[in-house]
Every structure is written in C-alpha cells, then in structure tokens.
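my_file37.tsv (TSV, C-alpha atoms)
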chain	number	residue	atom	x	y	z
A	1	MET	CA	-143.14	113.62	-0.20
A	2	ALA	CA	-143.30	117.40	0.14
A	3	PHE	CA	-146.61	119.21	0.28
A	4	GLY	CA	-147.61	122.83	0.61
A	5	PRO	CA	-148.65	124.50	3.86
A	6	ALA	CA	-152.39	123.81	3.45
A	7	MET	CA	-153.68	121.29	5.99
A	8	GLY	CA	-157.27	120.85	4.89
A	9	PRO	CA	-160.37	121.10	7.07
A	10	ALA	CA	-159.58	121.67	10.75
A	11	ILE	CA	-161.99	118.98	11.95
A	12	PHE	CA	-161.45	115.30	11.27
A	13	GLY	CA	-164.31	113.92	9.18
A	14	ARG	CA	-165.23	112.84	5.69
A	15	GLU	CA	-164.48	116.31	4.26
A	16	PHE	CA	-160.95	116.19	5.71
A	17	LEU	CA	-160.39	112.67	4.37
A	18	GLU	CA	-161.60	113.66	0.90
A	19	TRP	CA	-159.18	116.62	0.94
A	20	PHE	CA	-156.40	114.31	2.17
A	21	GLN	CA	-157.13	111.82	-0.63
A	22	CYS	CA	-157.02	114.54	-3.28
A	23	ALA	CA	-153.79	116.03	-1.93
A	24	THR	CA	-151.93	112.72	-1.69
A	25	GLU	CA	-153.12	111.35	-5.02
A	26	THR	CA	-152.17	114.62	-6.73
A	27	GLU	CA	-148.62	114.23	-5.39
A	28	TRP	CA	-148.45	110.54	-6.31
A	29	ARG	CA	-149.56	111.29	-9.88
A	30	THR	CA	-146.11	112.65	-10.76
A	31	HIS	CA	-144.02	111.16	-7.95
A	32	THR	CA	-140.70	109.55	-8.84
A	33	PRO	CA	-139.78	106.79	-6.36
A	34	ARG	CA	-136.33	106.90	-4.85
A	35	ASP	CA	-133.73	104.61	-6.43
A	36	TYR	CA	-132.59	102.69	-3.36
A	37	PHE	CA	-130.19	100.54	-5.38
A	38	ALA	CA	-128.35	103.62	-6.63
A	39	ALA	CA	-128.24	104.99	-3.08
A	40	ARG	CA	-127.21	101.58	-1.67
A	41	VAL	CA	-129.66	101.86	1.21
A	42	GLY	CA	-132.82	100.04	2.18
A	43	GLY	CA	-136.24	101.66	2.25
A	44	LEU	CA	-139.65	101.97	0.65
A	45	ASP	CA	-141.29	104.69	-1.42
A	46	TRP	CA	-144.63	105.32	-3.11
A	47	GLN	CA	-145.11	104.24	-6.70
A	48	ARG	CA	-146.09	106.80	-9.31
A	49	GLY	CA	-149.85	106.78	-9.83
A	50	THR	CA	-150.65	105.34	-6.39
A	51	ARG	CA	-154.30	105.82	-5.42
A	52	TRP	CA	-156.34	105.08	-2.35
A	53	ARG	CA	-158.27	101.87	-2.87
A	54	GLY	CA	-161.55	103.22	-1.55
A	55	GLY	CA	-163.52	102.42	1.54
A	56	MET	CA	-164.23	99.11	3.21
A	57	THR	CA	-167.87	98.12	3.63
A	58	PRO	CA	-169.38	97.90	7.13
A	59	GLU	CA	-169.40	94.12	6.71
A	60	GLN	CA	-165.68	94.08	5.86
A	61	ILE	CA	-164.89	96.26	8.86
A	62	ARG	CA	-166.86	94.00	11.21
A	63	ALA	CA	-165.12	90.96	9.74
A	64	ALA	CA	-161.68	92.55	10.32
A	65	GLU	CA	-162.55	93.46	13.90
A	66	SER	CA	-163.72	89.91	14.54
A	67	ARG	CA	-160.70	88.31	12.87
A	68	PHE	CA	-158.16	90.35	14.80
A	69	GLY	CA	-160.05	90.80	18.08
A	70	LEU	CA	-160.22	94.60	17.77
A	71	THR	CA	-162.77	97.38	18.02
A	72	PHE	CA	-161.84	100.24	15.69
A	73	PRO	CA	-162.37	103.75	17.13
A	74	PRO	CA	-164.95	105.85	15.23
A	75	ASP	CA	-162.37	108.07	13.51
A	76	TYR	CA	-160.31	105.12	12.28
A	77	ARG	CA	-163.49	103.37	11.18
A	78	LEU	CA	-164.31	106.45	9.08
A	79	PHE	CA	-160.79	106.39	7.64
A	80	LEU	CA	-161.31	102.75	6.60
A	81	GLU	CA	-164.78	103.48	5.20
A	82	THR	CA	-163.34	106.33	3.09
A	83	LEU	CA	-159.76	105.38	2.13
A	84	HIS	CA	-158.57	102.06	3.64
A	85	THR	CA	-155.16	101.57	2.00
A	86	PRO	CA	-153.17	102.88	-0.99
A	87	ASP	CA	-152.74	100.70	-4.07
A	88	PRO	CA	-150.27	99.48	-5.31
A	89	PRO	CA	-147.94	98.67	-2.40
A	90	MET	CA	-144.81	100.68	-1.68
A	91	VAL	CA	-141.62	99.52	-3.41
A	92	GLY	CA	-137.92	99.73	-2.70
A	93	ALA	CA	-135.13	97.53	-1.44
A	94	ARG	CA	-133.91	95.77	1.68
A	95	PHE	CA	-130.74	94.00	2.73
A	96	GLU	CA	-130.59	90.22	2.94
A	97	GLY	CA	-127.22	89.77	4.54
A	98	SER	CA	-124.94	92.06	2.57
A	99	GLU	CA	-127.05	91.89	-0.61
A	100	LEU	CA	-129.62	94.56	-1.48
A	101	VAL	CA	-132.73	92.96	-2.98
A	102	PRO	CA	-136.07	94.33	-4.27
A	103	HIS	CA	-138.79	94.71	-1.67
A	104	SER	CA	-142.46	95.75	-1.66
A	105	GLU	CA	-144.93	96.03	1.20
A	106	TRP	CA	-148.36	97.37	2.17
A	107	GLU	CA	-147.28	99.89	4.81
A	108	PHE	CA	-150.90	100.84	5.43
A	109	PRO	CA	-152.48	97.51	6.43
A	110	ASP	CA	-154.79	95.78	3.99
A	111	TRP	CA	-157.49	94.61	6.39
A	112	THR	CA	-159.17	92.53	3.68
A	113	GLY	CA	-156.04	90.67	2.58
A	114	ASP	CA	-153.53	88.23	4.03
A	115	PRO	CA	-153.83	88.37	7.84
A	116	ALA	CA	-150.19	87.36	8.48
A	117	PRO	CA	-148.61	90.82	7.98
A	118	ILE	CA	-151.19	92.43	10.28
A	119	GLU	CA	-150.72	89.75	12.93
A	120	ALA	CA	-146.96	90.38	12.78
A	121	ARG	CA	-147.49	94.13	13.22
A	122	MET	CA	-149.85	93.59	16.13
A	123	ALA	CA	-147.16	91.48	17.82
A	124	TRP	CA	-144.41	93.98	17.00
A	125	PRO	CA	-144.80	96.45	19.91
A	126	VAL	CA	-144.47	93.85	22.67
A	127	GLU	CA	-141.89	91.75	20.84
A	128	GLY	CA	-139.76	94.82	20.24
A	129	LEU	CA	-140.07	95.92	23.84
A	130	LEU	CA	-139.08	92.45	25.07
A	131	TRP	CA	-136.02	92.60	22.83
A	132	SER	CA	-135.03	96.00	24.31
A	133	ILE	CA	-135.52	94.77	27.85
A	134	GLU	CA	-132.96	92.06	27.28
A	135	ALA	CA	-130.63	94.12	25.08
A	136	ASP	CA	-130.35	97.27	27.19
A	137	GLY	CA	-131.84	96.32	30.57
A	138	SER	CA	-134.91	98.55	30.32
A	139	TRP	CA	-137.44	98.18	33.14
A	140	TYR	CA	-140.09	100.69	34.22
A	141	ARG	CA	-141.35	101.88	37.58
A	142	THR	CA	-144.96	100.77	37.49
A	143	TRP	CA	-143.97	97.25	36.46
A	144	GLY	CA	-142.67	96.43	39.93
A	145	PRO	CA	-139.29	94.88	40.76
A	146	ARG	CA	-137.33	93.55	37.80
A	147	PRO	CA	-137.58	89.74	37.79
A	148	SER	CA	-134.35	87.80	37.78
A	149	THR	CA	-135.05	85.56	34.77
A	150	LYS	CA	-135.89	86.27	31.14
A	151	ALA	CA	-138.99	84.06	31.26
A	152	GLU	CA	-140.34	85.90	34.31
A	153	ARG	CA	-139.67	89.30	32.73
A	154	GLU	CA	-141.47	88.25	29.58
A	155	ALA	CA	-144.46	86.96	31.56
A	156	VAL	CA	-144.78	90.27	33.44
A	157	VAL	CA	-144.56	92.38	30.26
A	158	ARG	CA	-147.08	90.28	28.36
A	159	ARG	CA	-149.52	90.32	31.28
A	160	LEU	CA	-149.30	94.11	31.74
A	161	ALA	CA	-149.48	94.82	27.99
A	162	ALA	CA	-152.56	92.61	27.65
A	163	ALA	CA	-154.27	94.67	30.38
A	164	GLY	CA	-153.50	97.92	28.55
A	165	PRO	CA	-155.22	99.32	25.45
A	166	PRO	CA	-154.87	97.46	22.14
A	167	LEU	CA	-152.54	99.03	19.60
A	168	ILE	CA	-153.99	99.08	16.08
A	169	PRO	CA	-151.43	99.14	13.24
A	170	VAL	CA	-152.03	102.10	10.93
A	171	PHE	CA	-148.76	102.52	9.00
A	172	ALA	CA	-145.43	100.69	9.25
A	173	HIS	CA	-144.49	100.76	12.98
A	174	ARG	CA	-147.09	103.41	13.87
A	175	CYS	CA	-150.04	102.24	15.92
A	176	LEU	CA	-153.28	103.91	16.99
A	177	VAL	CA	-154.20	103.49	20.65
A	178	GLY	CA	-157.48	101.60	20.61
A	179	SER	CA	-160.60	102.60	22.53
A	180	GLU	CA	-164.30	103.06	21.90
A	181	ASN	CA	-163.76	106.82	21.50
A	182	ALA	CA	-162.24	108.94	18.74
A	183	GLY	CA	-159.24	111.23	19.24
A	184	ASN	CA	-156.67	108.68	20.39
A	185	PRO	CA	-152.94	109.23	19.89
A	186	VAL	CA	-150.82	107.39	17.33
A	187	LEU	CA	-147.60	105.91	18.70
A	188	SER	CA	-144.35	105.22	16.90
A	189	LEU	CA	-142.78	102.10	18.39
A	190	TYR	CA	-139.34	100.63	17.84
A	191	GLY	CA	-138.27	98.52	20.80
A	192	SER	CA	-138.22	100.83	23.81
A	193	ASP	CA	-137.96	103.87	21.50
A	194	LEU	CA	-141.58	104.98	21.79
A	195	ILE	CA	-143.08	108.41	21.14
A	196	VAL	CA	-146.50	109.91	20.53
A	197	TYR	CA	-146.19	110.54	16.79
A	198	GLY	CA	-149.53	112.30	16.54
A	199	PRO	CA	-151.91	113.40	19.32
A	200	ASP	CA	-154.86	112.21	17.22
A	201	LEU	CA	-155.45	110.55	13.85
A	202	ARG	CA	-155.81	113.80	11.89
A	203	SER	CA	-152.57	115.23	13.28
A	204	TYR	CA	-150.80	111.94	12.68
A	205	LEU	CA	-151.76	111.81	9.00
A	206	LEU	CA	-150.60	115.40	8.51
A	207	VAL	CA	-147.26	114.66	10.19
A	208	GLU	CA	-146.67	111.34	8.39
A	209	PHE	CA	-147.25	112.94	4.99
A	210	ASN	CA	-145.26	116.11	5.81
A	211	PHE	CA	-148.14	118.58	5.74
A	212	LEU	CA	-147.26	119.47	9.33
A	213	ASP	CA	-144.17	119.09	11.46
A	214	TRP	CA	-144.19	117.04	14.66
A	215	GLU	CA	-143.61	119.96	17.05
A	216	THR	CA	-146.43	122.07	15.60
A	217	ALA	CA	-148.84	119.12	15.70
A	218	HIS	CA	-148.17	118.57	19.38
A	219	ALA	CA	-148.18	122.26	20.25
A	220	GLY	CA	-151.61	122.59	18.67
A	221	ALA	CA	-153.11	119.59	20.47
A	222	ALA	CA	-156.14	120.42	22.60
A	223	GLY	CA	-155.37	119.89	26.30
A	224	SER	CA	-152.95	117.42	27.84
A	225	PRO	CA	-152.94	113.92	26.40
A	226	LYS	CA	-154.36	111.24	28.65
A	227	PRO	CA	-151.79	108.79	30.05
A	228	ILE	CA	-151.71	105.52	28.13
A	229	PRO	CA	-151.89	102.53	30.48
A	230	PHE	CA	-148.76	100.36	30.43
A	231	TRP	CA	-147.04	102.29	27.63
A	232	GLN	CA	-146.82	105.67	29.41
A	233	ASP	CA	-143.71	104.84	31.43
A	234	VAL	CA	-141.92	103.84	28.22
A	235	ILE	CA	-143.00	107.09	26.54
A	236	ASP	CA	-141.79	109.11	29.52
A	237	CYS	CA	-138.66	106.98	29.98
A	238	LEU	CA	-139.61	106.39	33.63
A	239	GLU	CA	-137.12	103.61	34.19
A	240	ILE	CA	-136.13	102.26	37.57
A	241	GLU	CA	-132.79	103.74	38.48

What is this structure when it is put down as structure tokens?
Amino acid sequence: MAFGPAMGPAIFGREFLEWFQCATETEWRTHTPRDYFAARVGGLDWQRGTRWRGGMTPEQIRAAESRFGLTFPPDYRLFLETLHTPDPPMVGARFEGSELVPHSEWEFPDWTGDPAPIEARMAWPVEGLLWSIEADGSWYRTWGPRPSTKAEREAVVRRLAAAGPPLIPVFAHRCLVGSENAGNPVLSLYGSDLIVYGPDLRSYLLVEFNFLDWETAHAGAAGSPKPIPFWQDVIDCLEIE
C-alpha cells in the first residue's frame, strides 16, 4: 500500500486513530490485491473494501486480558477500543511442499475470536529464538555461560523470557512490548532476527502502512529508547564471542 506524505495528528489518541482509519479504508476501497499465483510466490494482501471492524467493548478487552494473561498498555487499549482488527482477513497464497495453495489470515489479531492463532503468536518469539539458538549457535552475554545441552539451553531461555516483559501480538510477527504505560516499542521478531520496528505504537502504524519510513520514524523518536529486559541483547546482537 502506498500513501501520501501526510501522517495525521502528531499525538497518538482517538483523533489520530480516526485519521488512520479514514486513510487506510480510503486506500482499501479501490485496492487490488496482488495475484500471488501469477507471481508464484507466497504472501498475503488486503482485500478490496476492507474496513476496520470497530472497537472492542471494555468488557471484551477485560475478557481478552484475562484469557491470555495480559495487561494491555493504555495506547493499545485505545487502539482496540477504536479499531480492533480489519475485516475481512487478508488473502493470498502459501506453499505446502512445492504446491502453492490459497491462504487467508487475520494478521491483526482478532481478540474476540478463536484463541489458537493468538496463542501461537504469543509463543512465536521464544520458539523462534530457541530455533535460532540451535540452528546458528546464538547465545547472549547476559544469559550467562552457554549450557552444554539443548534441554538446559531451552530452560534458561524460557526462564529469562518469562521474567522479561510480555510481548503482545499486534500484526503478523510484530509485537508490542507490554507494560502498564503507553509509548512502548513494537518489535519485529523472526528467530534471532529482532529489531525495534517502531519506537512507539503511533510510529509503528505509520511505518507498517508506509506513511513513514523506518529511519525517519526512529530519527524522530523522543529520547533514547529504554532497554528491553531479556530481548535487548538480541536487538543489539550482543552475543558471547
């Protein structure tokens, strides 16, 4: 999706989210999804006429927090109260073996629907990191000496990750760092390939939907980002040499 240079209100809030809804739905109104079968590649794209479903109720938000053991930060709570998730799901194709088959998915989580996809996304960051640890030998300084067995390495990673902040899935493999405060970064996680995709939720949404490029979003961030317990060494690639 390609948008103009306008980035809406400078402060994250309901006015920004209403602008964001209008801008995205205007683009979706005439959007033509990519033909992945013609391109012979896998991927997902928005369907023409996609619209934001509309906000969750406070009761639905509390139920989601209880079900998944999370506390949504105030800015993400406002996002859910205002927009929640686009409807219908994204569509495209994926490979099953060598065969390309149709595929659809809710890339923004549907917190009121089937819990299984959200549970899988919540498990994704640690599971992907564990895979990388075994595949490429990654191990990071603050984790202590690298254990000699796979089971011991897994136990250390799961214990340290559990002591760090929760990661709340917001879109595909992007996760918002959870806390009681607003303004947390959004991480992009794929195994040990981990970056801060947006310094806060507003910047992230602008980057994800191509209103703003990644470098400008980070250059405009106020102050230095706070280190993220457990995940910071992965972000900074502070491996034991």

- [ ] List every protein, DNA or RNA residue with an atom no more than 10 Å from (-140.0, 104.8, -2.6) in the file's coordinates, counting all atoms listed in the file, and format the result as a ChimeraX atom specification.
- [x] /A:1,31-36,42-48,90-93,104

Open item on the list: Nearest residue to Glu180 of chain A out of A:His84, A:Arg77, A:Arg51, A:Arg29, using all atoms listed in the file?
Closed with: A:Arg77

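Minimum atom-to-atom distances from A:Trp106, A:Val170, A:Pro115, A:Glu18 to Thr50 of chain A were compared using all atoms listed in the file, and the lowest value belongs to A:Trp106.
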
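Atom pair atom CA of Ile228 of chain A / atom CA of Phe20 of chain A has a distance of 27.8 Å (rounded to one decimal).
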
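Taking atom CA of Ala120 of chain A and atom CA of Thr85 of chain A as endpoints, the distance between them is 17.6 Å.
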
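You will find atom CA of Phe95 of chain A at 20.8 Å from atom CA of Trp131 of chain A.
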
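Within 9 Å of segment 143-159 of chain A, once all atoms listed in the file are used and residues closer than 6 positions along the same chain are dropped, the contacting residues are A:Val126, A:Leu129, A:Leu130, A:Ile133, A:Glu134, A:Phe230, A:Ile240.
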
TODO: Determine the nearest neighbour of Asp75 of chain A from the options A:Asp233, A:Asp200, A:Asp213, A:Asp193, counting only C-alpha atoms.
DONE: A:Asp200

Open item on the list: Here is a test: counting all atoms listed in the file, which residue of A:Thr30, A:Ser179, A:Ser138, A:Thr216 is nearest to Ser192 of chain A?
Closed with: A:Ser138

TODO: Excluding Leu80 of chain A and any residue of its chain fewer than 2 positions from it, enumerate the residues within 12 Å of it, using all atoms listed in the file, and give them as a VMD selection string.
DONE: chain A and resid 13 to 14 17 52 to 62 64 to 65 72 to 78 82 to 86 108 to 112 170

Take the residues from that selection and put them in a file with C-alpha atoms, as a compact mmCIF listing (two decimals), in the frame of the given file.
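Saved file result_33.txt follows:
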# COMPACT_ATOMS: atom_id res chain seq x y z
CA GLY A 13 -164.31 113.92 9.18
CA ARG A 14 -165.23 112.84 5.69
CA LEU A 17 -160.39 112.67 4.37
CA TRP A 52 -156.34 105.08 -2.35
CA ARG A 53 -158.27 101.87 -2.87
CA GLY A 54 -161.55 103.22 -1.55
CA GLY A 55 -163.52 102.42 1.54
CA MET A 56 -164.23 99.11 3.21
CA THR A 57 -167.87 98.12 3.63
CA PRO A 58 -169.38 97.90 7.13
CA GLU A 59 -169.40 94.12 6.71
CA GLN A 60 -165.68 94.08 5.86
CA ILE A 61 -164.89 96.26 8.86
CA ARG A 62 -166.86 94.00 11.21
CA ALA A 64 -161.68 92.55 10.32
CA GLU A 65 -162.55 93.46 13.90
CA PHE A 72 -161.84 100.24 15.69
CA PRO A 73 -162.37 103.75 17.13
CA PRO A 74 -164.95 105.85 15.23
CA ASP A 75 -162.37 108.07 13.51
CA TYR A 76 -160.31 105.12 12.28
CA ARG A 77 -163.49 103.37 11.18
CA LEU A 78 -164.31 106.45 9.08
CA THR A 82 -163.34 106.33 3.09
CA LEU A 83 -159.76 105.38 2.13
CA HIS A 84 -158.57 102.06 3.64
CA THR A 85 -155.16 101.57 2.00
CA PRO A 86 -153.17 102.88 -0.99
CA PHE A 108 -150.90 100.84 5.43
CA PRO A 109 -152.48 97.51 6.43
CA ASP A 110 -154.79 95.78 3.99
CA TRP A 111 -157.49 94.61 6.39
CA THR A 112 -159.17 92.53 3.68
CA VAL A 170 -152.03 102.10 10.93

TODO: Quick one: everything within 6 Å of Val186 of chain A, counting only C-alpha atoms, minus sequence neighbours fewer than 3 positions away in the same chain. Send it as a ChimeraX atom specification.
DONE: /A:175-176,196-198

- [ ] May I have the protein, DNA and RNA residues with an atom at most 8 Å from (-147.4, 100.3, 15.0), counting all atoms listed in the file in the file's coordinates, returned as number ranges by chain?
- [x] A: 121-122, 124-125, 167-176, 187-189
